[in-house]
>>> print(open('my_file.cif').read())   # mmCIF, C-alpha atoms (C1' of nucleotides)
data_model
loop_
_atom_site.label_atom_id
_atom_site.label_comp_id
_atom_site.auth_asym_id
_atom_site.auth_seq_id
_atom_site.Cartn_x
_atom_site.Cartn_y
_atom_site.Cartn_z
CA MET K 920 80.08 70.52 67.72
CA SER K 921 80.38 74.25 67.26
CA VAL K 922 77.50 76.17 65.84
CA ASP K 923 77.89 78.38 62.80
CA LEU K 924 76.96 81.75 64.11
CA THR K 925 76.42 84.76 61.97
CA LEU K 926 76.10 87.39 64.60
CA ALA K 927 74.14 90.52 63.97
CA PRO K 928 75.91 93.08 66.14
CA LYS K 929 73.72 95.84 67.38
CA GLN K 930 74.44 99.52 67.38
CA LYS K 931 74.55 101.35 70.60
CA ARG K 932 71.31 103.20 70.74
CA PRO K 933 71.01 106.90 71.46
CA PRO K 934 70.39 107.60 75.15
CA GLY K 935 66.74 107.69 76.08
CA GLU K 936 65.50 105.67 73.14
CA PRO K 937 63.75 102.38 73.75
CA CYS K 938 65.83 99.23 73.58
CA CYS K 939 66.03 97.05 70.51
CA GLU K 940 62.76 96.47 68.73
CA PRO K 941 62.05 92.77 68.43
CA LEU K 942 62.82 91.86 64.82
CA VAL K 943 61.90 88.22 65.04
CA HIS K 944 58.97 86.48 66.63
CA PRO K 945 58.21 82.93 67.70
CA SER K 946 56.56 80.79 65.04
CA VAL K 947 54.62 78.99 67.74
CA SER K 948 51.71 80.86 69.19
CA PRO K 949 51.34 81.35 72.93
CA ALA K 950 48.57 78.76 72.89
CA GLU K 951 50.78 76.25 71.11
CA ALA K 952 53.59 77.01 73.49
CA ARG K 953 51.29 76.34 76.42
CA ARG K 954 50.29 72.96 74.99
CA LEU K 955 53.87 71.99 74.19
CA GLY K 956 54.98 73.13 77.62
CA ALA K 957 52.21 71.17 79.30
CA VAL K 958 53.21 67.95 77.54
CA ALA K 959 56.85 68.56 78.35
CA LYS K 960 55.94 69.21 81.96
CA ALA K 961 54.12 65.89 82.14
CA LEU K 962 57.32 64.23 80.95
CA ALA K 963 59.52 66.26 83.27
CA ASP K 964 60.08 63.44 85.72
CA PRO K 965 62.16 60.27 85.30
CA ILE K 966 59.44 58.06 86.73
CA ARG K 967 56.85 59.41 84.34
CA VAL K 968 59.23 58.93 81.43
CA GLN K 969 59.65 55.29 82.37
CA LEU K 970 55.94 54.86 82.94
CA VAL K 971 55.20 56.15 79.46
CA ASP K 972 57.96 53.97 78.08
CA VAL K 973 56.54 50.80 79.60
CA LEU K 974 52.95 51.60 78.74
CA ARG K 975 53.78 52.46 75.18
CA ARG K 976 55.25 49.04 74.58
CA HIS K 977 52.63 47.14 76.53
CA PRO K 978 49.37 49.04 76.19
CA GLY K 979 46.62 47.64 78.37
CA LYS K 980 48.75 44.75 79.47
CA VAL K 981 50.11 46.12 82.68
CA CYS K 982 48.25 46.76 85.87
CA VAL K 983 49.35 49.36 88.39
CA CYS K 984 50.47 46.70 90.84
CA GLU K 985 53.04 45.61 88.25
CA LEU K 986 54.21 49.15 87.67
CA THR K 987 54.70 50.04 91.29
CA PRO K 988 57.61 47.71 92.10
CA LEU K 989 59.53 49.05 89.10
CA PHE K 990 60.26 52.22 91.05
CA GLU K 991 61.56 52.96 94.48
CA VAL K 992 58.54 54.94 95.52
CA ALA K 993 55.35 54.06 97.33
CA GLN K 994 52.14 53.09 95.59
CA PRO K 995 50.37 56.44 96.13
CA THR K 996 53.28 58.17 94.43
CA VAL K 997 52.96 55.98 91.33
CA SER K 998 49.25 56.69 91.40
CA HIS K 999 50.02 60.40 91.56
CA HIS K 1000 52.35 60.24 88.55
CA LEU K 1001 49.76 58.31 86.59
CA LYS K 1002 47.25 61.01 87.43
CA VAL K 1003 49.58 63.70 86.15
CA LEU K 1004 49.99 61.79 82.90
CA ARG K 1005 46.24 61.24 82.71
CA GLU K 1006 45.40 64.91 83.21
CA ALA K 1007 47.90 65.87 80.53
CA GLY K 1008 46.18 63.47 78.16
CA LEU K 1009 49.26 61.33 77.72
CA VAL K 1010 47.68 58.16 79.03
CA GLY K 1011 44.25 56.69 79.52
CA VAL K 1012 42.99 54.03 81.85
CA GLU K 1013 40.53 51.19 81.66
CA ARG K 1014 39.38 49.50 84.82
CA LYS K 1015 38.64 45.80 84.87
CA GLY K 1016 37.54 44.44 88.18
CA LEU K 1017 40.12 45.28 90.79
CA TRP K 1018 42.78 46.18 88.27
CA ALA K 1019 43.51 49.31 86.30
CA TYR K 1020 45.11 49.05 82.88
CA TYR K 1021 46.83 52.10 81.50
CA TYR K 1022 47.79 52.85 77.93
CA VAL K 1023 49.38 55.79 76.17
CA ASN K 1024 47.59 58.09 73.79
CA PRO K 1025 50.03 58.44 70.87
CA GLU K 1026 48.38 61.62 69.70
CA ALA K 1027 49.34 63.44 72.86
CA THR K 1028 53.06 63.58 72.23
CA LYS K 1029 52.77 64.04 68.48
CA GLU K 1030 52.79 67.82 68.50
CA LEU K 1031 55.85 67.95 70.74
CA GLN K 1032 57.66 65.33 68.71
CA GLN K 1033 57.04 67.20 65.49
CA TRP K 1034 58.03 70.53 66.92
CA LEU K 1035 61.28 69.03 68.13
CA ARG K 1036 62.02 67.64 64.67
CA MET D 1035 40.58 57.42 68.44
CA SER D 1036 40.15 54.39 70.63
CA VAL D 1037 43.12 52.26 71.43
CA ASP D 1038 43.16 48.57 70.64
CA LEU D 1039 43.61 47.06 74.03
CA THR D 1040 44.29 43.42 74.64
CA LEU D 1041 43.96 43.31 78.36
CA ALA D 1042 45.73 40.66 80.34
CA PRO D 1043 43.38 40.08 83.24
CA LYS D 1044 45.06 39.07 86.43
CA GLN D 1045 44.07 36.25 88.73
CA LYS D 1046 43.18 37.01 92.25
CA ARG D 1047 46.22 35.98 94.17
CA PRO D 1048 46.12 33.71 97.21
CA PRO D 1049 45.95 35.69 100.44
CA GLY D 1050 49.32 36.56 101.89
CA GLU D 1051 51.27 36.20 98.65
CA PRO D 1052 53.08 39.21 97.25
CA CYS D 1053 51.31 41.27 94.61
CA CYS D 1054 51.92 40.86 90.92
CA GLU D 1055 55.53 40.36 89.91
CA PRO D 1056 56.57 42.94 87.35
CA LEU D 1057 56.56 41.13 84.01
CA VAL D 1058 57.69 44.02 81.89
CA HIS D 1059 60.39 46.59 82.41
CA PRO D 1060 61.18 49.97 80.92
CA SER D 1061 63.46 49.90 77.91
CA VAL D 1062 64.97 53.18 78.97
CA SER D 1063 67.43 52.99 81.83
CA PRO D 1064 67.03 55.16 84.90
CA ALA D 1065 69.96 57.26 83.66
CA GLU D 1066 68.31 57.75 80.26
CA ALA D 1067 65.04 58.57 81.97
CA ARG D 1068 66.81 61.20 84.04
CA ARG D 1069 68.29 62.81 80.94
CA LEU D 1070 65.01 62.73 79.04
CA GLY D 1071 63.18 64.09 82.05
CA ALA D 1072 65.72 66.88 82.46
CA VAL D 1073 65.32 68.01 78.85
CA ALA D 1074 61.55 67.82 79.14
CA LYS D 1075 61.69 69.85 82.34
CA ALA D 1076 63.70 72.54 80.59
CA LEU D 1077 60.91 72.75 78.03
CA ALA D 1078 58.16 72.63 80.64
CA ASP D 1079 57.36 76.33 80.38
CA PRO D 1080 55.66 78.22 77.55
CA ILE D 1081 58.20 81.01 77.62
CA ARG D 1082 61.11 78.60 77.32
CA VAL D 1083 59.35 76.82 74.46
CA GLN D 1084 59.04 80.09 72.59
CA LEU D 1085 62.60 81.07 73.41
CA VAL D 1086 63.89 77.83 71.94
CA ASP D 1087 61.61 78.31 68.96
CA VAL D 1088 62.95 81.77 68.18
CA LEU D 1089 66.57 80.86 68.79
CA ARG D 1090 66.35 77.77 66.66
CA ARG D 1091 65.28 79.78 63.66
CA HIS D 1092 67.64 82.68 64.28
CA PRO D 1093 70.75 81.27 65.93
CA GLY D 1094 73.13 83.96 67.09
CA LYS D 1095 71.07 86.67 65.50
CA VAL D 1096 69.02 87.74 68.45
CA CYS D 1097 70.18 89.58 71.52
CA VAL D 1098 68.42 89.31 74.84
CA CYS D 1099 67.05 92.81 74.58
CA GLU D 1100 65.12 91.69 71.53
CA LEU D 1101 63.83 88.59 73.27
CA THR D 1102 62.59 90.34 76.38
CA PRO D 1103 59.76 92.38 74.83
CA LEU D 1104 58.35 89.23 73.23
CA PHE D 1105 57.05 88.16 76.61
CA GLU D 1106 55.05 89.82 79.32
CA VAL D 1107 57.64 89.28 81.99
CA ALA D 1108 60.46 91.39 83.32
CA GLN D 1109 64.01 91.17 82.01
CA PRO D 1110 65.40 89.16 84.96
CA THR D 1111 62.75 86.55 84.35
CA VAL D 1112 63.83 86.11 80.74
CA SER D 1113 67.40 85.91 81.97
CA HIS D 1114 66.34 83.23 84.43
CA HIS D 1115 64.65 81.16 81.74
CA LEU D 1116 67.70 81.43 79.51
CA LYS D 1117 69.80 80.22 82.41
CA VAL D 1118 67.55 77.19 82.86
CA LEU D 1119 67.91 76.38 79.16
CA ARG D 1120 71.66 76.94 79.37
CA GLU D 1121 72.12 74.63 82.35
CA ALA D 1122 70.10 71.93 80.62
CA GLY D 1123 72.42 72.23 77.64
CA LEU D 1124 69.65 73.29 75.29
CA VAL D 1125 71.19 76.61 74.41
CA GLY D 1126 74.57 78.27 74.43
CA VAL D 1127 75.59 81.89 74.52
CA GLU D 1128 78.23 84.03 72.93
CA ARG D 1129 78.89 87.48 74.27
CA LYS D 1130 79.90 90.30 71.94
CA GLY D 1131 80.44 93.62 73.58
CA LEU D 1132 77.39 94.52 75.56
CA TRP D 1133 75.18 91.98 73.87
CA ALA D 1134 74.59 88.31 74.44
CA TYR D 1135 73.67 86.10 71.51
CA TYR D 1136 72.00 82.81 72.28
CA TYR D 1137 71.71 79.78 70.03
CA VAL D 1138 70.25 76.32 70.44
CA ASN D 1139 72.26 73.15 70.61
CA PRO D 1140 70.41 70.75 68.31
CA GLU D 1141 72.03 67.73 69.93
CA ALA D 1142 70.33 68.45 73.22
CA THR D 1143 66.80 67.67 72.14
CA LYS D 1144 67.76 64.84 69.83
CA GLU D 1145 67.45 62.06 72.38
CA LEU D 1146 64.02 63.24 73.49
CA GLN D 1147 62.84 63.67 69.92
CA GLN D 1148 63.92 60.17 68.98
CA TRP D 1149 62.44 58.62 72.07
CA LEU D 1150 59.12 60.29 71.30
CA ARG D 1151 59.18 58.96 67.74
"C1'" DG R 677 87.02 108.87 85.63
"C1'" DG R 678 82.18 108.98 85.03
"C1'" DT R 679 78.03 107.68 82.92
"C1'" DC R 680 75.18 104.89 80.30
"C1'" DT R 681 73.83 100.29 78.62
"C1'" DA R 682 72.93 95.08 78.26
"C1'" DC R 683 72.64 91.38 80.87
"C1'" DA R 684 73.23 88.54 85.13
"C1'" DT R 685 72.63 87.73 89.99
"C1'" DT R 686 70.53 88.14 94.50
"C1'" DG R 687 66.86 87.87 97.81
"C1'" DA R 688 62.23 87.56 98.80
"C1'" DC R 689 57.60 86.02 97.99
"C1'" DG R 690 53.77 82.94 96.80
"C1'" DT R 691 52.72 78.86 94.37
"C1'" DC R 692 53.41 74.33 92.74
"C1'" DT R 693 55.47 69.57 93.13
"C1'" DA R 694 57.06 64.99 94.83
"C1'" DT R 695 56.68 62.16 98.44
"C1'" DC R 696 54.72 59.51 102.20
"C1'" DG R 697 51.41 57.39 105.76
"C1'" DA R 698 46.77 56.90 106.51
"C1'" DT R 699 42.44 56.44 104.75
"C1'" DT R 700 38.83 55.64 101.41
"C1'" DC R 701 36.71 53.53 97.49
"C1'" DA R 702 35.34 49.83 94.46
"C1'" DC R 703 35.39 45.31 93.52
"C1'" DT R 704 35.67 40.05 94.51
"C1'" DC R 705 34.96 36.12 96.98
"C1'" DT R 706 33.33 33.51 100.74
"C1'" DA B 1026 27.33 40.94 105.54
"C1'" DG B 1027 32.17 40.67 106.12
"C1'" DA B 1028 36.90 40.18 104.92
"C1'" DG B 1029 40.46 40.95 101.68
"C1'" DT B 1030 42.61 43.32 97.63
"C1'" DG B 1031 44.02 46.89 93.95
"C1'" DA B 1032 44.05 51.53 93.29
"C1'" DA B 1033 42.79 56.38 94.23
"C1'" DT B 1034 42.45 60.16 97.40
"C1'" DC B 1035 43.58 63.01 101.45
"C1'" DG B 1036 46.59 65.73 104.50
"C1'" DA B 1037 51.00 67.07 105.66
"C1'" DT B 1038 55.71 68.40 104.61
"C1'" DA B 1039 60.01 69.62 102.47
"C1'" DG B 1040 61.85 71.31 98.48
"C1'" DA B 1041 61.62 73.33 93.75
"C1'" DC B 1042 59.79 76.88 90.65
"C1'" DG B 1043 58.32 81.46 88.45
"C1'" DT B 1044 58.27 86.07 89.23
"C1'" DC B 1045 59.81 90.69 90.46
"C1'" DA B 1046 62.46 94.81 92.47
"C1'" DA B 1047 66.88 95.86 93.61
"C1'" DT B 1048 71.58 95.37 92.88
"C1'" DG B 1049 75.84 93.88 90.56
"C1'" DT B 1050 78.99 93.44 86.54
"C1'" DA B 1051 81.32 94.32 82.45
"C1'" DG B 1052 81.77 96.74 78.27
"C1'" DA B 1053 81.24 101.27 75.40
"C1'" DC B 1054 81.67 106.04 74.86
"C1'" DC B 1055 82.41 110.78 76.23
#
>>> encode(input="my_file.cif", output="structure tokens")
Amino acid sequence: MSVDLTLAPKQKRPPGEPCCEPLVHPSVSPAEARRLGAVAKALADPIRVQLVDVLRRHPGKVCVCELTPLFEVAQPTVSHHLKVLREAGLVGVERKGLWAYYYVNPEATKELQQWLR
Amino acid sequence: MSVDLTLAPKQKRPPGEPCCEPLVHPSVSPAEARRLGAVAKALADPIRVQLVDVLRRHPGKVCVCELTPLFEVAQPTVSHHLKVLREAGLVGVERKGLWAYYYVNPEATKELQQWLR
DNA sequence: GGTCTACATTGACGTCTATCGATTCACTCT
DNA sequence: AGAGTGAATCGATAGACGTCAATGTAGACC
């Protein structure tokens, strides 16, 4: 439960001098951080998490009209969430007649998953 | 690159009948989805991603005054982001004199990491 | 006590987000 | 052509978010 901390207490600096120099830096670049943040943002909603969950286990098998009643929101809202996932690259869509079949792109979450490891 | 889709084309339903019954359901509960979404939301910002990244590799070794100059935002903004991470349970803090030492709670991201696997 | 320092909080601002009703689009079938 | 259906888009609205300047707070040192 508790974390083993080896604190590195600072010295009080002389008045007027600049504050602590940064001694450590992120190992992820700003560009990487932007990508990771973008994927996380796409997943930052319970509905989108459940959408990805369903689509991952049933790729291309589910049309939007089956997804909509799973949530207590209106159809345009589900459509909006799917668009967010689409624009983040997390899912793709294939239209077949009247219906739209979504599927997840496993590559999209890979970087985030590995960074979290 | 392309995904192997086995579509399940729907039949046009008789007029007046309700739309497709949902045949599949999420395997994550709404409560799980809320937790996963909350963790993802905490990571849905490049600065917070980099903060977590630094703190994970230097737990308790870095004070806020070292973190601040890593980003092009003012000190209160860094403080705000740390608060977001704190309230999501991703990081904890230990104060020592004037300084505040943050560290990540590895448990917090575990559920998201495993769900993404 | 008084001053300086590290960090947090407040309040304000502009922007983004989730949601809905209404509408539009694309397709199917008669 | 016309009607009906699945899904996307539009427009509006309420709330959340990221940012900063200003202020507050608590500890350190003289």
>>> interface_residues(input="my_file.cif", of="chain B", to="chain D", cutoff="9 Å", atoms="all atoms listed in the file", output="PyMOL selection string")
chain B and resi 1029-1030+1043-1045+1051-1053
>>> closest_residue(input="my_file.cif", among="R:DT706, R:DG687, R:DT681, R:DC692", to="chain K", atoms="only C-alpha atoms (C1' of nucleotides)")
R:DT681
>>> resolve_selection(input="my_file.cif", expression="the PyMOL selection byres ((chain R) within 8 of (chain D))", output="PyMOL selection string")
chain R and resi 681-684
>>> calpha_fit_and_write(input="my_file.cif", fixed="chain D", moving="chain K", output="PDB file with C-alpha atoms, in the frame of the given file")
ATOM      1  CA  MET K 920      40.684  57.508  68.438  1.00  0.00           C
ATOM      2  CA  SER K 921      40.199  54.427  70.556  1.00  0.00           C
ATOM      3  CA  VAL K 922      43.144  52.271  71.375  1.00  0.00           C
ATOM      4  CA  ASP K 923      43.174  48.571  70.608  1.00  0.00           C
ATOM      5  CA  LEU K 924      43.585  47.035  73.985  1.00  0.00           C
ATOM      6  CA  THR K 925      44.294  43.419  74.576  1.00  0.00           C
ATOM      7  CA  LEU K 926      43.912  43.269  78.287  1.00  0.00           C
ATOM      8  CA  ALA K 927      45.717  40.683  80.310  1.00  0.00           C
ATOM      9  CA  PRO K 928      43.381  40.122  83.246  1.00  0.00           C
ATOM     10  CA  LYS K 929      45.084  39.082  86.404  1.00  0.00           C
ATOM     11  CA  GLN K 930      44.104  36.316  88.738  1.00  0.00           C
ATOM     12  CA  LYS K 931      43.249  37.121  92.252  1.00  0.00           C
ATOM     13  CA  ARG K 932      46.256  36.090  94.211  1.00  0.00           C
ATOM     14  CA  PRO K 933      46.137  33.868  97.268  1.00  0.00           C
ATOM     15  CA  PRO K 934      45.991  35.875 100.498  1.00  0.00           C
ATOM     16  CA  GLY K 935      49.381  36.703 101.919  1.00  0.00           C
ATOM     17  CA  GLU K 936      51.304  36.310  98.692  1.00  0.00           C
ATOM     18  CA  PRO K 937      53.147  39.275  97.253  1.00  0.00           C
ATOM     19  CA  CYS K 938      51.378  41.329  94.621  1.00  0.00           C
ATOM     20  CA  CYS K 939      51.928  40.860  90.920  1.00  0.00           C
ATOM     21  CA  GLU K 940      55.510  40.334  89.877  1.00  0.00           C
ATOM     22  CA  PRO K 941      56.539  42.913  87.313  1.00  0.00           C
ATOM     23  CA  LEU K 942      56.538  41.103  83.970  1.00  0.00           C
ATOM     24  CA  VAL K 943      57.668  44.002  81.858  1.00  0.00           C
ATOM     25  CA  HIS K 944      60.365  46.569  82.385  1.00  0.00           C
ATOM     26  CA  PRO K 945      61.171  49.962  80.912  1.00  0.00           C
ATOM     27  CA  SER K 946      63.451  49.875  77.884  1.00  0.00           C
ATOM     28  CA  VAL K 947      64.973  53.159  78.978  1.00  0.00           C
ATOM     29  CA  SER K 948      67.407  52.969  81.825  1.00  0.00           C
ATOM     30  CA  PRO K 949      67.023  55.146  84.903  1.00  0.00           C
ATOM     31  CA  ALA K 950      69.935  57.234  83.662  1.00  0.00           C
ATOM     32  CA  GLU K 951      68.297  57.726  80.282  1.00  0.00           C
ATOM     33  CA  ALA K 952      65.038  58.556  81.963  1.00  0.00           C
ATOM     34  CA  ARG K 953      66.784  61.187  84.049  1.00  0.00           C
ATOM     35  CA  ARG K 954      68.286  62.793  80.945  1.00  0.00           C
ATOM     36  CA  LEU K 955      65.006  62.706  79.040  1.00  0.00           C
ATOM     37  CA  GLY K 956      63.183  64.087  82.052  1.00  0.00           C
ATOM     38  CA  ALA K 957      65.722  66.865  82.465  1.00  0.00           C
ATOM     39  CA  VAL K 958      65.318  67.983  78.853  1.00  0.00           C
ATOM     40  CA  ALA K 959      61.555  67.809  79.151  1.00  0.00           C
ATOM     41  CA  LYS K 960      61.713  69.821  82.346  1.00  0.00           C
ATOM     42  CA  ALA K 961      63.708  72.524  80.591  1.00  0.00           C
ATOM     43  CA  LEU K 962      60.925  72.712  78.016  1.00  0.00           C
ATOM     44  CA  ALA K 963      58.179  72.611  80.623  1.00  0.00           C
ATOM     45  CA  ASP K 964      57.377  76.294  80.378  1.00  0.00           C
ATOM     46  CA  PRO K 965      55.657  78.195  77.553  1.00  0.00           C
ATOM     47  CA  ILE K 966      58.214  80.986  77.611  1.00  0.00           C
ATOM     48  CA  ARG K 967      61.102  78.577  77.297  1.00  0.00           C
ATOM     49  CA  VAL K 968      59.360  76.801  74.438  1.00  0.00           C
ATOM     50  CA  GLN K 969      59.042  80.085  72.588  1.00  0.00           C
ATOM     51  CA  LEU K 970      62.598  81.059  73.412  1.00  0.00           C
ATOM     52  CA  VAL K 971      63.887  77.826  71.927  1.00  0.00           C
ATOM     53  CA  ASP K 972      61.609  78.302  68.950  1.00  0.00           C
ATOM     54  CA  VAL K 973      62.948  81.765  68.180  1.00  0.00           C
ATOM     55  CA  LEU K 974      66.566  80.863  68.783  1.00  0.00           C
ATOM     56  CA  ARG K 975      66.365  77.777  66.653  1.00  0.00           C
ATOM     57  CA  ARG K 976      65.295  79.787  63.648  1.00  0.00           C
ATOM     58  CA  HIS K 977      67.632  82.691  64.267  1.00  0.00           C
ATOM     59  CA  PRO K 978      70.746  81.303  65.918  1.00  0.00           C
ATOM     60  CA  GLY K 979      73.129  84.002  67.062  1.00  0.00           C
ATOM     61  CA  LYS K 980      71.051  86.714  65.505  1.00  0.00           C
ATOM     62  CA  VAL K 981      69.008  87.759  68.466  1.00  0.00           C
ATOM     63  CA  CYS K 982      70.176  89.567  71.534  1.00  0.00           C
ATOM     64  CA  VAL K 983      68.426  89.261  74.876  1.00  0.00           C
ATOM     65  CA  CYS K 984      67.064  92.785  74.632  1.00  0.00           C
ATOM     66  CA  GLU K 985      65.121  91.659  71.556  1.00  0.00           C
ATOM     67  CA  LEU K 986      63.821  88.573  73.295  1.00  0.00           C
ATOM     68  CA  THR K 987      62.588  90.312  76.393  1.00  0.00           C
ATOM     69  CA  PRO K 988      59.759  92.358  74.855  1.00  0.00           C
ATOM     70  CA  LEU K 989      58.349  89.214  73.241  1.00  0.00           C
ATOM     71  CA  PHE K 990      57.027  88.132  76.628  1.00  0.00           C
ATOM     72  CA  GLU K 991      55.049  89.794  79.334  1.00  0.00           C
ATOM     73  CA  VAL K 992      57.660  89.256  81.983  1.00  0.00           C
ATOM     74  CA  ALA K 993      60.505  91.356  83.295  1.00  0.00           C
ATOM     75  CA  GLN K 994      64.050  91.140  82.007  1.00  0.00           C
ATOM     76  CA  PRO K 995      65.431  89.163  84.979  1.00  0.00           C
ATOM     77  CA  THR K 996      62.775  86.531  84.370  1.00  0.00           C
ATOM     78  CA  VAL K 997      63.840  86.088  80.740  1.00  0.00           C
ATOM     79  CA  SER K 998      67.406  85.885  81.972  1.00  0.00           C
ATOM     80  CA  HIS K 999      66.345  83.201  84.432  1.00  0.00           C
ATOM     81  CA  HIS K1000      64.647  81.125  81.725  1.00  0.00           C
ATOM     82  CA  LEU K1001      67.698  81.423  79.518  1.00  0.00           C
ATOM     83  CA  LYS K1002      69.794  80.182  82.409  1.00  0.00           C
ATOM     84  CA  VAL K1003      67.555  77.167  82.856  1.00  0.00           C
ATOM     85  CA  LEU K1004      67.913  76.362  79.168  1.00  0.00           C
ATOM     86  CA  ARG K1005      71.662  76.918  79.375  1.00  0.00           C
ATOM     87  CA  GLU K1006      72.115  74.610  82.357  1.00  0.00           C
ATOM     88  CA  ALA K1007      70.104  71.917  80.607  1.00  0.00           C
ATOM     89  CA  GLY K1008      72.417  72.222  77.625  1.00  0.00           C
ATOM     90  CA  LEU K1009      69.645  73.277  75.287  1.00  0.00           C
ATOM     91  CA  VAL K1010      71.180  76.611  74.397  1.00  0.00           C
ATOM     92  CA  GLY K1011      74.555  78.277  74.413  1.00  0.00           C
ATOM     93  CA  VAL K1012      75.545  81.896  74.536  1.00  0.00           C
ATOM     94  CA  GLU K1013      78.201  84.044  72.960  1.00  0.00           C
ATOM     95  CA  ARG K1014      78.854  87.497  74.307  1.00  0.00           C
ATOM     96  CA  LYS K1015      79.845  90.313  71.999  1.00  0.00           C
ATOM     97  CA  GLY K1016      80.396  93.620  73.666  1.00  0.00           C
ATOM     98  CA  LEU K1017      77.312  94.563  75.609  1.00  0.00           C
ATOM     99  CA  TRP K1018      75.119  92.010  73.903  1.00  0.00           C
ATOM    100  CA  ALA K1019      74.544  88.326  74.455  1.00  0.00           C
ATOM    101  CA  TYR K1020      73.646  86.103  71.527  1.00  0.00           C
ATOM    102  CA  TYR K1021      71.996  82.800  72.259  1.00  0.00           C
ATOM    103  CA  TYR K1022      71.678  79.779  70.023  1.00  0.00           C
ATOM    104  CA  VAL K1023      70.236  76.312  70.434  1.00  0.00           C
ATOM    105  CA  ASN K1024      72.268  73.150  70.614  1.00  0.00           C
ATOM    106  CA  PRO K1025      70.407  70.751  68.294  1.00  0.00           C
ATOM    107  CA  GLU K1026      72.007  67.743  69.905  1.00  0.00           C
ATOM    108  CA  ALA K1027      70.331  68.452  73.208  1.00  0.00           C
ATOM    109  CA  THR K1028      66.799  67.651  72.143  1.00  0.00           C
ATOM    110  CA  LYS K1029      67.760  64.815  69.821  1.00  0.00           C
ATOM    111  CA  GLU K1030      67.454  62.040  72.370  1.00  0.00           C
ATOM    112  CA  LEU K1031      64.024  63.222  73.480  1.00  0.00           C
ATOM    113  CA  GLN K1032      62.833  63.657  69.923  1.00  0.00           C
ATOM    114  CA  GLN K1033      63.911  60.161  68.990  1.00  0.00           C
ATOM    115  CA  TRP K1034      62.422  58.593  72.062  1.00  0.00           C
ATOM    116  CA  LEU K1035      59.122  60.272  71.304  1.00  0.00           C
ATOM    117  CA  ARG K1036      59.158  58.918  67.752  1.00  0.00           C
TER     118      ARG K1036
END
>>> closest_residue(input="my_file.cif", among="D:Gln1084, D:Glu1145, D:Leu1124, D:Arg1091", to="chain K", atoms="only C-alpha atoms")
D:Gln1084
>>> interface_residues(input="my_file.cif", of="chain D", to="chain K", cutoff="6 Å", atoms="all atoms listed in the file", output="PyMOL selection string")
chain D and resi 1039+1041-1042+1054+1056+1060+1067-1068+1071+1074-1075+1077-1080+1083-1084+1087-1088+1094-1095+1099-1100+1147+1150
>>> atom_distance(input="my_file.cif", atom1="atom C1' of DG678 of chain R", atom2="atom C1' of DC1054 of chain B")
10.6 Å
>>> residues_around(input="my_file.cif", residues="DT1038 of chain B", least_positions_apart="4", cutoff="12 Å", atoms="all atoms listed in the file", output="PyMOL selection string")
chain R and resi 693-697
>>> residues_around(input="my_file.cif", residues="DC1035 of chain B", least_positions_apart="5", cutoff="10 Å", atoms="only C-alpha atoms (C1' of nucleotides)", output="JSON, numbers by chain")
{"R": [698, 699, 700]}
>>> decode(input="my_file.cif", residues="segment 679-694 of chain R", atoms="C-alpha atoms (C1' of nucleotides)", output="compact mmCIF listing (two decimals), in the first residue's frame")
# COMPACT_ATOMS: atom_id res chain seq x y z
C1' DT R 679 10.58 38.39 5.51
C1' DC R 680 11.32 35.08 2.15
C1' DT R 681 10.05 30.71 -0.10
C1' DA R 682 7.32 26.61 -2.03
C1' DC R 683 3.07 25.39 -3.07
C1' DA R 684 -2.07 25.71 -3.06
C1' DT R 685 -6.32 28.16 -3.80
C1' DT R 686 -9.38 31.58 -5.78
C1' DG R 687 -11.70 33.99 -9.42
C1' DA R 688 -12.09 35.10 -14.02
C1' DC R 689 -11.81 34.15 -18.88
C1' DG R 690 -12.25 31.65 -23.25
C1' DT R 691 -12.64 27.16 -25.10
C1' DC R 692 -14.16 22.56 -25.33
C1' DT R 693 -17.59 18.79 -24.28
C1' DA R 694 -21.88 16.03 -23.65
